[in-house]
Amino acid sequence: MNEIACVSGVELLMDYLEGVLAPEVSAALDAHVGGCQKCTAFVTSYRATPRIMRDATGATLPADLEASLRAFLRARTSAFRSR
Ligand SMILES: [Zn+2]
């Protein structure tokens, strides 16, 4: 079984939460996260974040700020694609 270290696994955890990892890597992370308080806390807070942001967005984000945020995200996305 693969041993996954917490710190080196943070980037891996992002991919894990995005569901883009190979099944065997994902399974190894499942096993690690299940037995690791630190990673469980990370996963829990990461999963909670988009919901919190969505709530905040719906309540307070002005339309012009949302538009510039969308433009920013679009620019970032195309930058990633061009790599
Ligand atoms: Zn861990």
# chains A, B, ... in the order shown; residues from 1 in each chain; ligands from 1

call {"tool": "residues_near_ligand", "arguments": {"ligand": "ligand 1", "cutoff": "7 Å", "atoms": "only C-alpha atoms and all ligand atoms", "output": "list in words"}}
result
Ala5, Cys6, His32, Val33, Cys36, Gln37, Lys38 and Cys39 of chain A

call {"tool": "closest_residue", "arguments": {"among": "A:Met14, A:Thr77, A:Ala67, A:Phe72", "to": "A:Val43", "atoms": "only C-alpha atoms"}}
result
A:Met14

call {"tool": "closest_residue", "arguments": {"among": "A:Leu12, A:Leu69, A:Arg76, A:Ser45", "to": "A:Val25", "atoms": "only C-alpha atoms"}}
result
A:Leu12

call {"tool": "atom_distance", "arguments": {"atom1": "atom CA of A:Ala63", "atom2": "atom CA of A:Thr49"}}
result
21.1 Å
